[in-house]
Amino acid sequence: MCEFVSWAILKLHQPRGGKVAIMSGCCNNDCSLERLRERQRGTLRIVLAINALMFLVIVAAAHYARSSSLLADSLDNFGDALTYGLSLYAVSRGAAIKARVALFKGALILLAALVVAAQIVYRLLVPSVPVFELMGMFSLLGLAANSICLFLLWRHRREDVNMSSVWECSRNDITANISVFVAAGAVWFTGSGWPDIVVALGLTWFLMRSAIRVITSAMAELRSAA
């Protein structure tokens, strides 16, 4: 009898068409999406803090070392810090908002490339030999920090356009760090500032190419979301 009453109560409270199961499934999907977003936020907070700190450290080192390539490296960290802050804002937003944020991130990368290009012109007009010891030391410090960021962002690299552009920025950092370290060795070997300028030119081209790729991807996402 008790079993029959329990069965009757369950049937009375169950909506037609089995919607209880559907609602449960929707809840599971929403919870899964929120967990994904929370993981993204946690990762972005960590890499934001790392890049903000590395910008302050490396921009000071670039000033004392008189190095254009190290300046490019520091501006890359600054752009990434802004990028990660914007990405935190975009985590729980829709596809169109994420695409607009990615578009802005592409513009930031392009701006960093133009700043480095201006610094190169200045170094050509006012030649100097960079302090290769500082270049090598701080490029390795940046490489260690950015390797941690790259490791943390690896699992998020294909989740959406927002995290994909973040991954792109982090990968650029590794290339920049290695390039500056190579430039430091070349400055030491030649006793000239030209290796620093050549590497800075290469980083400028690399940043511009990355900016175009991020902007193109964001524009395509905006068109599909429209």
# chains A, B, ... in the order shown; residues from 1 in each chain; ligands from 1
>>> closest_atom_pairs(of="stretch 129-173 of chain A", to="stretch 201-209 of chain A", cutoff="12 Å", atoms="only C-alpha atoms", output="CSV")
residue,atom,partner,partner_atom,distance
A:Glu168,CA,A:Leu207,CA,10.4
A:Cys169,CA,A:Leu207,CA,9.2
A:Ser170,CA,A:Leu207,CA,11.8
A:Arg171,CA,A:Leu207,CA,11.1
A:Asn172,CA,A:Leu207,CA,7.6
A:Asp173,CA,A:Leu207,CA,9.9
>>> residues_around(residues="A:Ile215", least_positions_apart="3", cutoff="12 Å", atoms="only C-alpha atoms", output="MDAnalysis selection string")
chainID A and resid 99:110 161:162 165 168 208:212 218:222
>>> write_last_selection(atoms="N, CA and C atoms", output="mmCIF file, in the first residue's frame")
data_model
loop_
_atom_site.group_PDB
_atom_site.id
_atom_site.type_symbol
_atom_site.label_atom_id
_atom_site.label_comp_id
_atom_site.auth_asym_id
_atom_site.auth_seq_id
_atom_site.Cartn_x
_atom_site.Cartn_y
_atom_site.Cartn_z
ATOM 1 N N ALA A 99 34.056 37.952 -29.171
ATOM 2 C CA ALA A 99 34.699 38.301 -30.436
ATOM 3 C C ALA A 99 35.160 39.757 -30.427
ATOM 4 N N ARG A 100 34.346 40.650 -29.854
ATOM 5 C CA ARG A 100 34.745 42.064 -29.777
ATOM 6 C C ARG A 100 35.953 42.240 -28.863
ATOM 7 N N VAL A 101 35.984 41.509 -27.759
ATOM 8 C CA VAL A 101 37.137 41.570 -26.849
ATOM 9 C C VAL A 101 38.386 41.048 -27.558
ATOM 10 N N ALA A 102 38.241 39.953 -28.303
ATOM 11 C CA ALA A 102 39.375 39.410 -29.056
ATOM 12 C C ALA A 102 39.852 40.417 -30.096
ATOM 13 N N LEU A 103 38.919 41.141 -30.715
ATOM 14 C CA LEU A 103 39.275 42.168 -31.690
ATOM 15 C C LEU A 103 40.093 43.277 -31.032
ATOM 16 N N PHE A 104 39.688 43.672 -29.841
ATOM 17 C CA PHE A 104 40.417 44.695 -29.095
ATOM 18 C C PHE A 104 41.804 44.191 -28.702
ATOM 19 N N LYS A 105 41.888 42.910 -28.344
ATOM 20 C CA LYS A 105 43.181 42.320 -28.004
ATOM 21 C C LYS A 105 44.120 42.342 -29.209
ATOM 22 N N GLY A 106 43.576 42.067 -30.380
ATOM 23 C CA GLY A 106 44.377 42.143 -31.597
ATOM 24 C C GLY A 106 44.897 43.551 -31.825
ATOM 25 N N ALA A 107 44.066 44.549 -31.542
ATOM 26 C CA ALA A 107 44.483 45.950 -31.689
ATOM 27 C C ALA A 107 45.595 46.286 -30.695
ATOM 28 N N LEU A 108 45.525 45.732 -29.477
ATOM 29 C CA LEU A 108 46.574 45.962 -28.484
ATOM 30 C C LEU A 108 47.906 45.375 -28.935
ATOM 31 N N ILE A 109 47.863 44.175 -29.503
ATOM 32 C CA ILE A 109 49.093 43.553 -30.003
ATOM 33 C C ILE A 109 49.696 44.413 -31.114
ATOM 34 N N LEU A 110 48.836 44.932 -32.000
ATOM 35 C CA LEU A 110 49.302 45.791 -33.087
ATOM 36 C C LEU A 110 49.917 47.081 -32.538
ATOM 37 N N VAL A 161 36.844 31.566 -28.751
ATOM 38 C CA VAL A 161 37.703 32.575 -29.381
ATOM 39 C C VAL A 161 38.413 33.417 -28.336
ATOM 40 N N ASN A 162 37.767 33.616 -27.187
ATOM 41 C CA ASN A 162 38.366 34.390 -26.103
ATOM 42 C C ASN A 162 39.633 33.719 -25.584
ATOM 43 N N SER A 165 42.566 33.393 -28.227
ATOM 44 C CA SER A 165 43.399 34.579 -28.404
ATOM 45 C C SER A 165 44.351 34.766 -27.232
ATOM 46 N N GLU A 168 47.189 32.514 -27.850
ATOM 47 C CA GLU A 168 48.047 33.106 -28.885
ATOM 48 C C GLU A 168 49.033 34.105 -28.272
ATOM 49 N N MET A 208 52.994 41.874 -35.303
ATOM 50 C CA MET A 208 52.039 42.322 -36.321
ATOM 51 C C MET A 208 51.308 41.137 -36.948
ATOM 52 N N ARG A 209 52.046 40.070 -37.229
ATOM 53 C CA ARG A 209 51.417 38.882 -37.808
ATOM 54 C C ARG A 209 50.402 38.280 -36.840
ATOM 55 N N SER A 210 50.768 38.231 -35.560
ATOM 56 C CA SER A 210 49.854 37.701 -34.548
ATOM 57 C C SER A 210 48.613 38.577 -34.430
ATOM 58 N N ALA A 211 48.808 39.909 -34.474
ATOM 59 C CA ALA A 211 47.674 40.834 -34.381
ATOM 60 C C ALA A 211 46.706 40.619 -35.538
ATOM 61 N N ILE A 212 47.244 40.457 -36.730
ATOM 62 C CA ILE A 212 46.394 40.232 -37.904
ATOM 63 C C ILE A 212 45.614 38.929 -37.776
ATOM 64 N N ALA A 218 38.679 37.156 -34.958
ATOM 65 C CA ALA A 218 37.591 37.851 -34.251
ATOM 66 C C ALA A 218 36.551 38.381 -35.228
ATOM 67 N N MET A 219 36.985 38.906 -36.359
ATOM 68 C CA MET A 219 36.050 39.416 -37.362
ATOM 69 C C MET A 219 35.190 38.277 -37.920
ATOM 70 N N ALA A 220 35.795 37.123 -38.137
ATOM 71 C CA ALA A 220 35.040 35.978 -38.635
ATOM 72 C C ALA A 220 34.010 35.536 -37.600
ATOM 73 N N GLU A 221 34.390 35.572 -36.320
ATOM 74 C CA GLU A 221 33.456 35.190 -35.258
ATOM 75 C C GLU A 221 32.300 36.185 -35.161
ATOM 76 N N LEU A 222 32.605 37.467 -35.338
ATOM 77 C CA LEU A 222 31.559 38.493 -35.309
ATOM 78 C C LEU A 222 30.566 38.307 -36.452
#
>>> residues_around(residues="A:Leu88", least_positions_apart="3", cutoff="12 Å", atoms="only C-alpha atoms", output="ChimeraX atom specification")
/A:37-48,81-85,91-93,97-98,101-102,162-163,166
>>> atom_distance(atom1="atom CA of A:Leu53", atom2="atom CA of A:Met137")
16.0 Å
>>> residues_around(residues="A:Gly191", least_positions_apart="6", cutoff="12 Å", atoms="only C-alpha atoms", output="PyMOL selection string")
chain A and resi 128-132+183-185
